[in-house]
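Some notes on the structure that comes next.
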Amino acid sequence: MTEAAPVNQNEALWQRPHSPWLLAIVVTMATFMEVLDTSVANVALPHIAGNLGAGVDESTWVLTSYLMSNAVVLPLSGWLSGRVGRKRFYMSCVALFTISSLLCGLAPSLGWLVFFRILQGAGGGGLQPSEQAILADTFTPAKRGMGFAVYAMAVVAAPALGPTLGGWITDNFTWRWIFFINVPVGILSLILTSRLIADPPYLKKQNRAGAKIDYLGFGLIALGLGMMQIVLDKGQRADWFQTPYIRIFTFIFVTALILAVIWEFRVKDPIVDLRLLKDRTFLTANVMLFMVGFVMYSSTVLLPQYAQELMGYTAQKAGMLISPGGITIMLLMPLIGFLVTHYDARKLIAFGFLAIGLATLNMMRFNLEVDFRTMMWARVFQAAGIAFLFVPINTAAYAYLPREKGNAASGLINLSRNIGGSVGISYVTTMLARRAQVHQATLVTHLSVYDRHFMGTVQAMTHHFIASGANAVAATRQAYDAVGGMVVRQSTLLAYIDNFWLLGMSALVLVPFVFIMKKARPGGPVAVH
């Protein structure tokens, strides 16, 4: 690692007007609000559909529109920060997110709600990259791990707390309040940001150096990511490539992203600086964060769904199942921030993937009689592994990048994690449906009048229903129906176990690849090139 360039006097003075911890808390407020909003609306969809006179399928656009808009803005945030100034861009995003949250709560129809969610996603898309870049500049390299720990508490804990909070608000108030709660937080964030945050001197110089707008790159990236998000969100419900519009959208997003990559490598001032991926540490960090999103968001979907579908939990109780995992992450983050400043980040990352892999494989022991406490602790152990990944990976990602590339790097890093989450959710959802069909077909082969275990079960249930007052014909029919229900539940259980195996092995396979990253001295200076 090359030595860091001497920090000039102006930058040294810039770093001292306010406590870095105060600045970290200020910028984390809005980011927590934004990340929370990606999951808080999930449990409210039936209420939204009923209140606005829409179908449940139509109401999913409330989620899709937000994610699509968010995905488009994420990789562009670095370029926009460089053009208009990081503070101005960050405050614009907070303002847009806050105003659109108010409008979402006031939406008179589903069409208007989807439109306001697009605006909300556009504002939210710029918050996470901007916060990461602010923290990277605010904290010295020796303390950067602790700064990212504050950020990680918001980004990782918010999706876990979202379903529980959304369920409680919806049950006790109205779905509109899941959007209204953003307004006072957004106003407070704007006031504090305007008073406390300032752009560093090097960024002000960079802003003065004008550059041509990469219209073609912007169009290709927006088109590609937008189409990809629709395909991932609607693919399973539309039977993937059996549906014409899924095939068309897939062709569009693949073509657009290939052309975007070619164009961004050739243009002088790219809107997304893909040349950063030439650094193997930064490239590996993006792959690792993709897998963090893949495992983390997939698990956040699978566990509550398992609890509701197979165990009969309410939405709020299912949300409470994963909330202790979010609390675990918050409690561990200060420790992880300390460790990353004293130990090789690669070893912490390897331990994190190992812990996630083993904890997820442990979920294969779940059955149809598993209790709340067992599932909760399984999630807690998995969340502990996630805590060991987020801060070390983000810290290592910036170790060998020039300081002025922080804005562009943060956009790519967050995009990798979000795409990983979208791909993971789509993949496990598809796997769940397909593997359940496979297991059901296998189990049905044993439902034969020549199988004595099957016939013994049917006869026992028939006698039970006769004892309950049914006649012989009705009791026999009820017995066969009950056995059919048992087959469906067992096949669904086996499909969940297949998914837990997939996620666990995906994490374990990554352990040796962590050491592709270059070793950075703990707490060492940021490299310059």
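Please note that chains go A, B, ... in the order of the structure tokens, that every chain numbers its residues from 1, and that ligands are numbered from 1 in the order shown.
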Near stretch 243-254 of chain A, counting only C-alpha atoms, which residues have an atom at most 7 Å away, once you skip same-chain residues fewer than 2 positions from it, shown as a list in words?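 The residues satisfying every condition are Leu223, Gly224, Leu225, Met227, Met228, Val231, Gly235, Ala238, Asp239, Trp240, Phe241, Ala256, Leu257 and Ile258 of chain A.
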Every residue of stretch 295-520 of chain A that DSSP places in helix (DSSP H, G or I), as number ranges by chain: A: 295-311, 315-340, 345-365, 372-397, 403-444, 452-467, 472-509, 512-516
Close residues, A:Pro270 itself excluded, 8 Å, only C-alpha atoms, min 6 positions apart in chain, as number ranges by chain: A: 214, 217, 264
In Å to one decimal, how far is atom CA of A:Tyr215 from atom CA of A:Phe290?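 Atom CA of A:Tyr215 lies 27.0 Å from atom CA of A:Phe290.
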Show me, as a tab-separated table, the residues of stretch 287-306 of chain A having an atom within 9 Å of stretch 491-503 of chain A, each with the closest atom pair and its distance in Å, using only C-alpha atoms.
residue	atom	partner	partner_atom	distance
A:Phe294	CA	A:Leu503	CA	8.2
A:Val295	CA	A:Leu503	CA	6.0
A:Ser298	CA	A:Leu503	CA	8.3
A:Ser299	CA	A:Leu503	CA	8.2
A:Leu302	CA	A:Tyr496	CA	7.7
A:Tyr306	CA	A:Tyr496	CA	7.5
Write the selection just made, keeping N, CA and C atoms, as a JSON list (two decimals), in the first residue's frame?
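After the write, selection-v9.json holds the following:
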[["chain", "number", "residue", "atom", "x", "y", "z"],
["A", 294, "PHE", "N", -27.52, -10.63, -0.97],
["A", 294, "PHE", "CA", -28.17, -11.87, -1.39],
["A", 294, "PHE", "C", -28.63, -12.67, -0.18],
["A", 295, "VAL", "N", -27.73, -12.88, 0.77],
["A", 295, "VAL", "CA", -28.06, -13.71, 1.94],
["A", 295, "VAL", "C", -28.94, -12.96, 2.93],
["A", 298, "SER", "N", -32.56, -12.15, 1.50],
["A", 298, "SER", "CA", -33.27, -13.41, 1.28],
["A", 298, "SER", "C", -33.73, -14.01, 2.60],
["A", 299, "SER", "N", -32.84, -14.00, 3.58],
["A", 299, "SER", "CA", -33.20, -14.54, 4.90],
["A", 299, "SER", "C", -34.31, -13.73, 5.55],
["A", 302, "LEU", "N", -37.40, -15.03, 3.91],
["A", 302, "LEU", "CA", -37.72, -16.44, 4.14],
["A", 302, "LEU", "C", -38.24, -16.71, 5.55],
["A", 306, "TYR", "N", -41.77, -18.23, 6.44],
["A", 306, "TYR", "CA", -41.81, -19.57, 7.04],
["A", 306, "TYR", "C", -42.72, -19.56, 8.27]]
Neighbouring residues of stretch 476-490 of chain A were defined as those with any atom within 12 Å, considering only C-alpha atoms; residues of the same chain fewer than 2 positions away were excluded. Please report them as a PyMOL selection string. chain A and resi 306+309-312+366-369+433+435-449+453-466+468+470-474+492-497
Taking 2 positions as the minimum chain separation for residues in the same chain, which residues sit within 10 Å of stretch 102-113 of chain A when counting only C-alpha atoms? Answer as a ChimeraX atom specification. /A:48-49,51-55,58-59,61-62,65,97-100,115-120,174-183
Dump C-alpha atoms for the selected residues as a PDB file, in the first residue's frame?
ATOM      1  CA  ILE A  48     -53.211  -0.321   1.023  1.00  0.00           C
ATOM      2  CA  ALA A  49     -54.940  -2.419  -1.656  1.00  0.00           C
ATOM      3  CA  ASN A  51     -58.233   1.150   1.155  1.00  0.00           C
ATOM      4  CA  LEU A  52     -57.446   2.326  -2.383  1.00  0.00           C
ATOM      5  CA  GLY A  53     -59.702  -0.165  -4.155  1.00  0.00           C
ATOM      6  CA  ALA A  54     -56.896  -2.084  -5.871  1.00  0.00           C
ATOM      7  CA  GLY A  55     -55.945  -5.745  -6.161  1.00  0.00           C
ATOM      8  CA  GLU A  58     -51.496  -4.209  -8.289  1.00  0.00           C
ATOM      9  CA  SER A  59     -50.436  -3.042  -4.831  1.00  0.00           C
ATOM     10  CA  TRP A  61     -46.132  -1.767  -7.536  1.00  0.00           C
ATOM     11  CA  VAL A  62     -45.870   0.261  -4.323  1.00  0.00           C
ATOM     12  CA  SER A  65     -41.701   1.407  -8.169  1.00  0.00           C
ATOM     13  CA  PHE A  97     -37.635  11.976   0.175  1.00  0.00           C
ATOM     14  CA  THR A  98     -39.418  13.914   2.930  1.00  0.00           C
ATOM     15  CA  ILE A  99     -41.845  15.760   0.634  1.00  0.00           C
ATOM     16  CA  SER A 100     -42.656  12.612  -1.345  1.00  0.00           C
ATOM     17  CA  PHE A 115     -45.934   7.995  -8.713  1.00  0.00           C
ATOM     18  CA  PHE A 116     -45.007   9.470  -5.324  1.00  0.00           C
ATOM     19  CA  ARG A 117     -43.120   6.277  -4.457  1.00  0.00           C
ATOM     20  CA  ILE A 118     -41.020   6.756  -7.604  1.00  0.00           C
ATOM     21  CA  LEU A 119     -40.099  10.247  -6.377  1.00  0.00           C
ATOM     22  CA  GLN A 120     -39.426   8.850  -2.907  1.00  0.00           C
ATOM     23  CA  THR A 174     -53.448   3.442   9.434  1.00  0.00           C
ATOM     24  CA  TRP A 175     -51.064   2.505   6.628  1.00  0.00           C
ATOM     25  CA  ARG A 176     -50.647   6.205   5.792  1.00  0.00           C
ATOM     26  CA  TRP A 177     -48.615   6.710   8.979  1.00  0.00           C
ATOM     27  CA  ILE A 178     -45.816   4.462   7.686  1.00  0.00           C
ATOM     28  CA  PHE A 179     -45.076   7.391   5.374  1.00  0.00           C
ATOM     29  CA  PHE A 180     -46.006  10.285   7.676  1.00  0.00           C
ATOM     30  CA  ILE A 181     -43.415   9.220  10.291  1.00  0.00           C
ATOM     31  CA  ASN A 182     -40.675  10.146   7.804  1.00  0.00           C
ATOM     32  CA  VAL A 183     -41.658  13.820   7.714  1.00  0.00           C
TER      33      VAL A 183
END
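For A:Asn286, the list of residues within 12 Å, based on only C-alpha atoms and with local chain neighbours fewer than 6 positions off taken out, reads Leu274, Leu276, Leu277, Lys278, Asp279, Arg280, Val292, Gly293, Phe390, Ile393, Asn394, Thr395, Ala396, Ala397, Tyr398, Ala409, Ser410, Gly411, Leu412, Ile413, Asn414, Leu415, Ser416, Arg417, Asn418, Ile419, Gly420, Val514 and Met517 of chain A.
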Give me the residues near A:Val94 as number ranges by chain, where near means some atom within 9 Å (using only C-alpha atoms) and where sequence neighbours in that chain fewer than 6 positions away do not count. A: 30-31, 123-124, 126-127, 186-187, 189-190
From the list A:Ala154, A:Ala399, A:Ala507, A:Ile322, which residue is nearest A:Asp344 when using only C-alpha atoms? A:Ala399
Minimum-distance residue to A:Phe139, chosen among A:Ala158, A:Trp21, A:Thr28, A:Gly469 (using only C-alpha atoms):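 For A:Phe139, the nearest of the candidates is A:Trp21.
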Pick from A:Met505, A:Val155, A:Ile221, A:Leu389, whichever lies nearest to A:Asn362 using only C-alpha atoms: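 Counting only C-alpha atoms, the residue closest to A:Asn362 is A:Met505.
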